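*Asks:* What follows is the file run-v2.txt, containing compact mmCIF, C-alpha atoms:
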```
# COMPACT_ATOMS: atom_id res chain seq x y z
CA MET A 16 -63.50 135.59 -54.54
CA GLU A 17 -64.34 135.24 -58.24
CA ARG A 18 -60.77 134.20 -58.82
CA ASP A 19 -61.14 131.49 -56.14
CA VAL A 20 -64.25 130.16 -57.84
CA ALA A 21 -62.48 130.14 -61.21
CA ALA A 22 -59.49 128.37 -59.66
CA ALA A 23 -61.75 125.76 -58.05
CA ASP A 24 -63.46 125.22 -61.42
CA THR A 25 -60.11 124.77 -63.13
CA ARG A 26 -58.95 122.27 -60.52
CA GLU A 27 -62.22 120.37 -60.90
CA GLU A 28 -61.78 120.37 -64.69
CA ILE A 29 -58.22 119.06 -64.33
CA LEU A 30 -59.36 116.25 -61.98
CA ARG A 31 -62.07 115.24 -64.46
CA GLY A 32 -59.48 115.19 -67.23
CA THR A 33 -57.26 113.03 -65.00
CA TYR A 34 -60.08 110.49 -64.71
CA ARG A 35 -60.40 110.30 -68.50
CA VAL A 36 -56.64 109.95 -69.01
CA LEU A 37 -56.47 107.22 -66.34
CA CYS A 38 -59.26 105.34 -68.12
CA GLU A 39 -57.60 105.64 -71.49
CA HIS A 40 -53.90 105.24 -70.68
CA GLY A 41 -53.73 103.68 -67.21
CA TYR A 42 -51.63 104.86 -64.29
CA ALA A 43 -48.22 103.79 -65.64
CA ASN A 44 -48.64 105.93 -68.76
CA LEU A 45 -50.21 108.93 -67.05
CA SER A 46 -48.29 112.18 -67.61
CA MET A 47 -48.86 115.86 -66.91
CA ARG A 48 -48.55 116.41 -70.68
CA LYS A 49 -51.42 114.01 -71.43
CA ILE A 50 -53.64 115.55 -68.77
CA ALA A 51 -52.93 119.07 -70.07
CA GLN A 52 -53.72 117.89 -73.60
CA GLU A 53 -56.96 116.22 -72.42
CA CYS A 54 -58.06 119.43 -70.66
CA GLY A 55 -57.03 121.63 -73.59
CA THR A 56 -54.70 123.58 -71.33
CA SER A 57 -50.95 124.06 -70.80
CA LYS A 58 -48.55 122.07 -68.67
CA SER A 59 -47.59 125.29 -66.88
CA LEU A 60 -51.21 125.97 -65.85
CA LEU A 61 -51.37 122.39 -64.57
CA HIS A 62 -48.21 122.98 -62.52
CA TYR A 63 -49.68 126.23 -61.21
CA HIS A 64 -52.47 124.18 -59.60
CA PHE A 65 -50.53 121.02 -58.73
CA ASP A 66 -46.82 120.93 -57.92
CA SER A 67 -46.31 117.39 -59.15
CA LYS A 68 -48.05 114.42 -60.70
CA ASP A 69 -48.20 112.76 -57.28
CA GLU A 70 -49.86 115.83 -55.73
CA LEU A 71 -52.40 115.87 -58.55
CA LEU A 72 -53.13 112.18 -58.04
CA LEU A 73 -53.57 112.61 -54.29
CA ALA A 74 -56.03 115.47 -54.97
CA PHE A 75 -57.77 113.19 -57.46
CA LEU A 76 -58.09 110.43 -54.84
CA ASP A 77 -59.40 112.95 -52.25
CA ARG A 78 -62.03 114.16 -54.73
CA PHE A 79 -62.94 110.55 -55.40
CA LEU A 80 -63.40 110.01 -51.64
CA ASP A 81 -65.60 113.11 -51.32
CA ARG A 82 -67.87 111.95 -54.12
CA LEU A 83 -68.13 108.53 -52.50
CA ASP A 84 -69.25 110.16 -49.24
CA GLU A 85 -71.86 112.26 -51.10
CA GLN A 86 -73.24 109.20 -52.86
CA VAL A 87 -73.44 107.24 -49.64
CA THR A 88 -75.31 110.08 -47.90
CA GLU A 89 -77.77 110.49 -50.78
CA SER A 90 -79.22 107.02 -50.51
CA GLU A 91 -79.71 107.03 -46.73
CA SER A 92 -83.51 107.41 -46.83
CA ALA A 93 -84.44 104.24 -48.74
CA ASP A 94 -85.16 100.83 -47.16
CA PRO A 95 -82.23 98.46 -46.47
CA VAL A 96 -82.92 95.96 -49.27
CA GLU A 97 -83.22 98.79 -51.83
CA ARG A 98 -80.10 100.39 -50.44
CA LEU A 99 -78.15 97.12 -50.75
CA GLU A 100 -79.28 96.76 -54.35
CA THR A 101 -78.36 100.40 -55.11
CA PHE A 102 -74.96 99.75 -53.58
CA LEU A 103 -74.45 96.67 -55.74
CA ASP A 104 -75.65 98.55 -58.85
CA ARG A 105 -73.06 101.24 -58.20
CA PHE A 106 -70.11 98.89 -57.76
CA VAL A 107 -70.91 96.23 -60.34
CA PRO A 108 -70.14 97.39 -63.88
CA GLY A 109 -71.83 95.68 -66.80
CA PRO A 110 -69.96 93.92 -69.60
CA ASP A 111 -70.17 96.99 -71.87
CA GLU A 112 -68.93 99.58 -69.40
CA HIS A 113 -65.41 99.70 -70.75
CA ALA A 114 -64.43 103.05 -69.20
CA ARG A 115 -65.23 101.68 -65.73
CA GLN A 116 -63.27 98.51 -66.47
CA SER A 117 -60.27 100.59 -67.56
CA PHE A 118 -60.58 102.78 -64.51
CA TRP A 119 -60.57 99.69 -62.30
CA LEU A 120 -57.31 98.63 -63.97
CA ALA A 121 -55.85 102.09 -63.26
CA LEU A 122 -57.04 101.88 -59.66
CA LEU A 123 -55.36 98.47 -59.32
CA GLU A 124 -52.12 99.98 -60.62
CA MET A 125 -52.42 102.75 -58.03
CA ARG A 126 -53.03 100.16 -55.33
CA GLN A 127 -49.84 98.42 -56.37
CA GLN A 128 -48.01 101.72 -55.95
CA ALA A 129 -49.66 101.91 -52.55
CA ALA A 130 -47.61 98.92 -51.40
CA HIS A 131 -44.57 101.23 -51.52
CA ASN A 132 -46.11 104.73 -51.13
CA ASP A 133 -47.58 105.71 -47.76
CA ALA A 134 -49.62 108.72 -48.97
CA PHE A 135 -51.24 106.66 -51.72
CA ARG A 136 -51.91 103.77 -49.39
CA GLU A 137 -53.47 106.03 -46.78
CA ARG A 138 -55.93 107.48 -49.36
CA LEU A 139 -56.74 104.20 -51.03
CA ALA A 140 -57.18 102.45 -47.69
CA ARG A 141 -59.54 105.23 -46.54
CA ASN A 142 -61.46 104.92 -49.79
CA ASN A 143 -61.78 101.19 -49.20
CA GLU A 144 -62.83 101.68 -45.57
CA ALA A 145 -65.48 104.21 -46.64
CA ILE A 146 -67.02 101.68 -49.02
CA LEU A 147 -66.95 98.87 -46.44
CA ASP A 148 -68.40 101.17 -43.75
CA ALA A 149 -71.20 102.32 -46.04
CA LEU A 150 -72.12 98.72 -46.83
CA ALA A 151 -71.88 97.65 -43.16
CA SER A 152 -74.10 100.55 -42.08
CA ILE A 153 -76.82 99.50 -44.54
CA ILE A 154 -76.69 96.00 -43.05
CA THR A 155 -76.71 97.39 -39.47
CA ASP A 156 -79.78 99.52 -40.26
CA GLY A 157 -81.49 96.46 -41.76
CA ILE A 158 -80.81 94.45 -38.59
CA ASP A 159 -81.98 97.33 -36.34
CA GLN A 160 -85.22 97.63 -38.36
CA GLY A 161 -85.82 93.88 -38.12
CA THR A 162 -85.56 93.43 -41.90
CA PHE A 163 -82.34 91.41 -41.74
CA HIS A 164 -81.26 88.51 -39.58
CA ASP A 165 -78.66 89.24 -36.95
CA VAL A 166 -75.31 88.83 -38.73
CA ASP A 167 -71.96 90.53 -38.19
CA PRO A 168 -72.37 93.63 -40.43
CA ASP A 169 -68.64 94.30 -40.88
CA ARG A 170 -67.80 90.74 -41.83
CA THR A 171 -70.77 90.41 -44.15
CA ALA A 172 -69.85 93.69 -45.84
CA GLU A 173 -66.25 92.58 -46.24
CA LEU A 174 -67.27 89.26 -47.81
CA ILE A 175 -69.67 90.91 -50.28
CA TYR A 176 -67.31 93.67 -51.30
CA SER A 177 -64.27 91.35 -51.55
CA ALA A 178 -66.21 89.17 -53.98
CA ILE A 179 -67.11 92.21 -56.10
CA GLU A 180 -63.50 93.40 -56.12
CA GLY A 181 -62.22 89.96 -57.08
CA ALA A 182 -64.74 89.70 -59.91
CA ARG A 183 -63.96 93.21 -61.19
CA THR A 184 -60.26 92.36 -61.27
CA ARG A 185 -61.00 89.20 -63.23
CA GLN A 186 -63.18 91.20 -65.62
CA ALA A 187 -60.56 93.90 -66.17
CA THR A 188 -57.50 91.66 -66.46
CA LEU A 189 -58.65 88.32 -67.85
CA GLY A 190 -61.51 89.48 -70.06
CA HIS A 191 -64.22 87.68 -68.07
CA GLU A 192 -66.71 90.33 -69.14
CA ARG A 193 -69.65 89.06 -67.13
CA ALA A 194 -67.79 88.07 -63.93
CA PRO A 195 -69.04 90.96 -61.73
CA GLN A 196 -72.65 90.51 -62.80
CA THR A 197 -72.59 86.75 -62.31
CA VAL A 198 -71.01 87.17 -58.87
CA ARG A 199 -73.57 89.85 -58.01
CA GLU A 200 -76.42 87.46 -58.86
CA THR A 201 -74.87 84.80 -56.64
CA ILE A 202 -74.41 87.34 -53.83
CA ASP A 203 -78.14 88.08 -54.14
CA GLU A 204 -79.07 84.39 -54.02
CA GLN A 205 -76.63 83.06 -51.45
CA LEU A 206 -75.94 86.02 -49.17
CA ILE A 207 -78.68 88.65 -49.41
CA ASP A 208 -81.78 86.46 -49.81
CA PRO A 209 -80.88 84.44 -46.69
CA LEU A 210 -80.24 87.73 -44.85
CA VAL A 211 -83.82 88.94 -45.29
CA ARG A 212 -86.29 87.83 -42.60
CA ASN A 213 -89.73 86.26 -43.15
CA GLY A 214 -89.66 85.85 -46.93
CA ASP A 215 -90.21 89.54 -47.83
CA ARG A 216 -88.12 88.56 -50.76
CA GLU A 217 -88.53 85.51 -52.99
CA PRO A 218 -85.19 83.68 -53.33
CA GLY A 219 -83.59 84.58 -56.65
CA SER A 220 -86.52 86.77 -57.63
CA ARG A 221 -84.52 89.39 -59.47
CA MET B 4 -30.34 61.30 -71.91
CA GLU B 5 -28.28 62.41 -68.91
CA ARG B 6 -27.89 65.75 -70.61
CA ASP B 7 -31.68 66.00 -70.97
CA VAL B 8 -32.12 65.32 -67.28
CA ALA B 9 -29.50 67.91 -66.41
CA ALA B 10 -31.16 70.43 -68.75
CA ALA B 11 -34.57 69.76 -67.18
CA ASP B 12 -33.03 70.24 -63.71
CA THR B 13 -31.48 73.51 -64.79
CA ARG B 14 -34.76 74.78 -66.22
CA GLU B 15 -36.53 73.79 -63.00
CA GLU B 16 -33.85 75.59 -60.97
CA ILE B 17 -34.29 78.72 -63.12
CA LEU B 18 -38.08 78.65 -62.69
CA ARG B 19 -37.70 78.35 -58.91
CA GLY B 20 -35.28 81.28 -58.96
CA THR B 21 -37.84 83.23 -61.02
CA TYR B 22 -40.42 82.68 -58.27
CA ARG B 23 -38.04 84.05 -55.65
CA VAL B 24 -37.13 87.09 -57.76
CA LEU B 25 -40.84 87.78 -58.45
CA CYS B 26 -41.54 87.67 -54.72
CA GLU B 27 -38.67 89.99 -53.91
CA HIS B 28 -38.73 92.48 -56.77
CA GLY B 29 -42.15 92.17 -58.42
CA TYR B 30 -42.85 91.76 -62.11
CA ALA B 31 -41.95 95.32 -63.18
CA ASN B 32 -38.41 94.98 -61.82
CA LEU B 33 -37.81 91.40 -62.96
CA SER B 34 -34.75 91.02 -65.19
CA MET B 35 -32.76 88.16 -66.68
CA ARG B 36 -29.75 89.55 -64.80
CA LYS B 37 -31.53 89.29 -61.43
CA ILE B 38 -32.74 85.75 -62.15
CA ALA B 39 -29.22 84.66 -63.20
CA GLN B 40 -27.83 86.21 -60.01
CA GLU B 41 -30.47 84.48 -57.87
CA CYS B 42 -29.66 81.10 -59.48
CA GLY B 43 -25.91 81.68 -59.23
CA THR B 44 -25.57 81.22 -62.98
CA SER B 45 -24.82 83.33 -66.05
CA LYS B 46 -27.16 85.36 -68.23
CA SER B 47 -25.93 83.40 -71.24
CA LEU B 48 -26.93 80.07 -69.67
CA LEU B 49 -30.34 81.60 -68.95
CA HIS B 50 -30.64 82.63 -72.61
CA TYR B 51 -29.57 79.13 -73.69
CA HIS B 52 -32.71 77.77 -71.96
CA PHE B 53 -35.09 80.67 -72.59
CA ASP B 54 -34.92 83.01 -75.59
CA SER B 55 -36.45 85.95 -73.80
CA LYS B 56 -37.83 87.13 -70.49
CA ASP B 57 -41.36 86.66 -71.84
CA GLU B 58 -40.62 83.07 -72.87
CA LEU B 59 -39.21 82.38 -69.40
CA LEU B 60 -42.30 83.88 -67.78
CA LEU B 61 -44.64 81.83 -69.95
CA ALA B 62 -42.72 78.68 -68.97
CA PHE B 63 -42.98 79.81 -65.37
CA LEU B 64 -46.77 80.19 -65.67
CA ASP B 65 -47.05 76.77 -67.35
CA ARG B 66 -45.07 75.19 -64.50
CA PHE B 67 -47.35 76.97 -62.07
CA LEU B 68 -50.39 75.48 -63.84
CA ASP B 69 -48.88 71.97 -63.77
CA ARG B 70 -48.31 72.20 -60.02
CA LEU B 71 -51.86 73.41 -59.54
CA ASP B 72 -53.14 70.35 -61.41
CA GLU B 73 -50.98 68.03 -59.28
CA GLN B 74 -52.22 69.59 -56.06
CA VAL B 75 -55.84 69.34 -57.17
CA THR B 76 -55.41 65.65 -58.04
CA GLU B 77 -53.69 64.86 -54.72
CA SER B 78 -56.64 65.79 -52.56
CA GLU B 79 -59.28 63.91 -54.55
CA SER B 80 -59.77 61.09 -52.02
CA ALA B 81 -60.91 63.11 -48.98
CA ASP B 82 -64.55 64.00 -48.17
CA PRO B 83 -66.05 67.19 -49.68
CA VAL B 84 -66.02 69.32 -46.52
CA GLU B 85 -62.38 68.41 -45.84
CA ARG B 86 -61.53 69.08 -49.46
CA LEU B 87 -63.18 72.52 -49.33
CA GLU B 88 -61.22 73.37 -46.19
CA THR B 89 -57.98 72.13 -47.77
CA PHE B 90 -58.72 74.28 -50.79
CA LEU B 91 -59.31 77.34 -48.60
CA ASP B 92 -56.13 76.61 -46.59
CA ARG B 93 -54.14 76.55 -49.81
CA PHE B 94 -55.43 79.84 -51.19
CA VAL B 95 -55.72 81.88 -48.01
CA PRO B 96 -52.32 83.12 -46.80
CA GLY B 97 -51.90 84.11 -43.18
CA PRO B 98 -50.80 87.58 -42.04
CA ASP B 99 -47.17 86.50 -41.70
CA GLU B 100 -46.76 84.83 -45.07
CA HIS B 101 -45.00 87.75 -46.68
CA ALA B 102 -43.52 85.82 -49.62
CA ARG B 103 -47.00 84.72 -50.67
CA GLN B 104 -48.31 88.26 -50.34
CA SER B 105 -45.47 89.56 -52.51
CA PHE B 106 -46.08 86.83 -55.05
CA TRP B 107 -49.75 87.82 -55.21
CA LEU B 108 -48.66 91.38 -55.99
CA ALA B 109 -46.41 90.08 -58.79
CA LEU B 110 -49.27 87.93 -60.12
CA LEU B 111 -51.52 91.02 -60.13
CA GLU B 112 -48.88 92.89 -62.13
CA MET B 113 -48.77 90.00 -64.60
CA ARG B 114 -52.55 90.07 -64.82
CA GLN B 115 -52.38 93.74 -65.70
CA GLN B 116 -49.96 92.89 -68.48
CA ALA B 117 -52.49 90.28 -69.55
CA ALA B 118 -54.92 93.04 -70.47
CA HIS B 119 -52.58 93.82 -73.38
CA ASN B 120 -50.73 90.51 -73.94
CA ASP B 121 -52.64 87.55 -75.40
CA ALA B 122 -50.15 84.81 -74.44
CA PHE B 123 -50.07 86.00 -70.82
CA ARG B 124 -53.83 86.34 -70.67
CA GLU B 125 -54.35 82.86 -72.10
CA ARG B 126 -52.10 81.31 -69.40
CA LEU B 127 -53.43 83.36 -66.53
CA ALA B 128 -57.04 82.78 -67.59
CA ARG B 129 -56.36 79.03 -67.79
CA ASN B 130 -54.79 79.16 -64.35
CA ASN B 131 -57.88 80.92 -63.03
CA GLU B 132 -60.22 78.45 -64.74
CA ALA B 133 -58.29 75.52 -63.28
CA ILE B 134 -58.79 76.89 -59.77
CA LEU B 135 -62.49 77.60 -60.31
CA ASP B 136 -63.03 74.16 -61.88
CA ALA B 137 -61.27 72.41 -58.99
CA LEU B 138 -63.45 74.23 -56.48
CA ALA B 139 -66.63 73.60 -58.50
CA SER B 140 -65.82 69.89 -58.78
CA ILE B 141 -65.47 69.57 -55.00
CA ILE B 142 -68.92 71.16 -54.64
CA THR B 143 -70.37 68.92 -57.37
CA ASP B 144 -69.01 65.81 -55.62
CA GLY B 145 -70.49 67.04 -52.34
CA ILE B 146 -73.91 67.45 -53.96
CA ASP B 147 -73.68 64.03 -55.68
CA GLN B 148 -72.81 62.37 -52.35
CA GLY B 149 -75.70 64.13 -50.61
CA THR B 150 -73.39 66.05 -48.28
CA PHE B 151 -74.22 69.44 -49.79
CA HIS B 152 -77.49 71.09 -50.72
CA ASP B 153 -78.20 71.42 -54.42
CA VAL B 154 -76.57 74.71 -55.45
CA ASP B 155 -75.01 75.83 -58.74
CA PRO B 156 -71.41 74.56 -58.28
CA ASP B 157 -69.85 76.96 -60.81
CA ARG B 158 -71.49 80.06 -59.39
CA THR B 159 -70.80 79.08 -55.80
CA ALA B 160 -67.15 78.42 -56.68
CA GLU B 161 -66.90 81.78 -58.46
CA LEU B 162 -68.35 83.66 -55.48
CA ILE B 163 -66.04 81.96 -52.98
CA TYR B 164 -62.90 82.37 -55.04
CA SER B 165 -63.69 85.98 -56.04
CA ALA B 166 -63.99 86.88 -52.36
CA ILE B 167 -60.61 85.27 -51.65
CA GLU B 168 -58.98 87.10 -54.56
CA GLY B 169 -60.47 90.42 -53.49
CA ALA B 170 -59.27 89.92 -49.92
CA ARG B 171 -55.78 88.88 -51.04
CA THR B 172 -55.51 91.99 -53.17
CA ARG B 173 -56.55 94.15 -50.22
CA GLN B 174 -53.99 92.37 -48.05
CA ALA B 175 -51.15 92.79 -50.56
CA THR B 176 -51.87 96.39 -51.59
CA LEU B 177 -53.49 98.12 -48.62
CA GLY B 178 -51.80 96.30 -45.77
CA HIS B 179 -54.99 94.70 -44.43
CA GLU B 180 -52.94 91.80 -43.12
CA ARG B 181 -55.83 89.71 -41.86
CA ALA B 182 -58.30 90.34 -44.72
CA PRO B 183 -58.04 86.88 -46.36
CA GLN B 184 -58.40 85.03 -43.05
CA THR B 185 -61.36 87.13 -41.93
CA VAL B 186 -63.08 86.63 -45.28
CA ARG B 187 -62.34 82.93 -45.13
CA GLU B 188 -64.04 82.67 -41.72
CA THR B 189 -67.09 84.48 -43.10
CA ILE B 190 -67.12 82.18 -46.15
CA ASP B 191 -67.20 79.25 -43.70
CA GLU B 192 -70.07 80.75 -41.70
CA GLN B 193 -72.23 82.25 -44.42
CA LEU B 194 -71.55 80.07 -47.46
CA ILE B 195 -70.13 76.68 -46.48
CA ASP B 196 -72.06 75.96 -43.25
CA PRO B 197 -75.43 76.58 -45.00
CA LEU B 198 -74.23 74.35 -47.86
CA VAL B 199 -73.85 71.29 -45.61
CA ARG B 200 -76.99 69.18 -45.17
CA ASN B 201 -78.47 67.96 -41.87
CA GLY B 202 -76.15 69.66 -39.40
CA ASP B 203 -73.10 67.43 -39.98
CA ARG B 204 -71.33 70.62 -39.15
CA GLU B 205 -72.01 73.02 -36.32
CA PRO B 206 -72.37 76.57 -37.65
CA GLY B 207 -69.14 78.49 -37.00
CA SER B 208 -67.61 75.51 -35.22
CA ARG B 209 -64.08 76.05 -36.45
```
Show the structure stored in the file as structure tokens.
*Replies:*
Amino acid sequence: MERDVAAADTREEILRGTYRVLCEHGYANLSMRKIAQECGTSKSLLHYHFDSKDELLLAFLDRFLDRLDEQVTESESADPVERLETFLDRFVPGPDEHARQSFWLALLEMRQQAAHNDAFRERLARNNEAILDALASIITDGIDQGTFHDVDPDRTAELIYSAIEGARTRQATLGHERAPQTVRETIDEQLIDPLVRNGDREPGSR
Amino acid sequence: MERDVAAADTREEILRGTYRVLCEHGYANLSMRKIAQECGTSKSLLHYHFDSKDELLLAFLDRFLDRLDEQVTESESADPVERLETFLDRFVPGPDEHARQSFWLALLEMRQQAAHNDAFRERLARNNEAILDALASIITDGIDQGTFHDVDPDRTAELIYSAIEGARTRQATLGHERAPQTVRETIDEQLIDPLVRNGDREPGSR
């Protein structure tokens, strides 16, 4: 039992180290050696927990999915407008958040792998679905409570999140540091303000 | 003079071959050998026209920019709503346009290179600016003619195009074949319909 806990801790430590190595070196330059170095451990201990780099990365993506689910559950009590803003806060990095920008680049690289790797694609697609579902369920709740106008929640969620993804890619690859924040402001003005019924919310008041 | 024309033709032929190789093999697997093979020519002729693979790719991106400018100029006579729809048609590939999906993947790979390569970034950023400017100028003309409500053209253009880019990336990497078309329909309903003054356009009429 104690050994299981220790093993789970070690795995967790390795997955955290993987995140840091992905941020610093990207996916193409990721190696078991670098992860071991980052965690201050040996390559053989790494291989004891994960047979291969791909297995480690799949575990990393699963962990990432779990955390996403936890975060989504956490915020379920607040009102829909607050929840939308919390969602946007979480997925819109500021111009100085360089680790998150680098991680987005690494995630893009993994998504490119996904075009040719079924296991990767399955995880990354599920990750993407989880985000879209979380956003759509906030919008659905808002409609049910009478806070939002009656729109198609799935399509509205897909439009909002696609715009954030596009802007994050432009930020990470072309150096448009403020792209996600600018797009987020325009989402607020042109998509979320019109969504809210009876002027609870002044247009462009943030 | 004739030799210049022939040389220009050859360069053009090589750049077209580069497009096809990018679509089929992606950026990571692009090689001078593959391009020569695709064009039915020799590697040495390729090197006569382009010193290196990077120089060829920069020329390719410049050509790409020139074509973009031509296309933008072509459509300048039509009315703003038509021009917006033409713009969206051009940048939203259908589920069966596999070559365009593959090319988007290759462009994404080049954009990742851009994070570490100034010459690439400069070209790709200019390409991106050209697209955003074209879209913003359609919106500006629409406002000036009284067809559109008074919005910020640059921000509206950035929101629309970011959503298209995000959806294209999801299509190319996660196999969401219809993502760009679905997002385009939602752009029509939630961004473009509300932009048009005095009900010239039925909401969701397309």
*Asks:* Please return, as JSON, numbers by chain, all residues of chain A lying within 7 Å of chain B when only C-alpha atoms are considered.
*Replies:* {"A": [126, 127, 129, 130, 136, 140, 170, 173, 174, 177, 178, 180, 181, 182, 188, 189, 198, 201]}
*Asks:* One decimal, Å: what's the distance from atom CA of Val84 of chain B over to atom CA of Pro156 of chain B, could you say?
*Replies:*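 Here the two named atoms are 14.0 Å from each other.
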*Asks:* What does the distance between atom CA of Ile38 of chain B and atom CA of Leu110 of chain B come to in Å, to one decimal place?
*Replies:* 16.8 Å
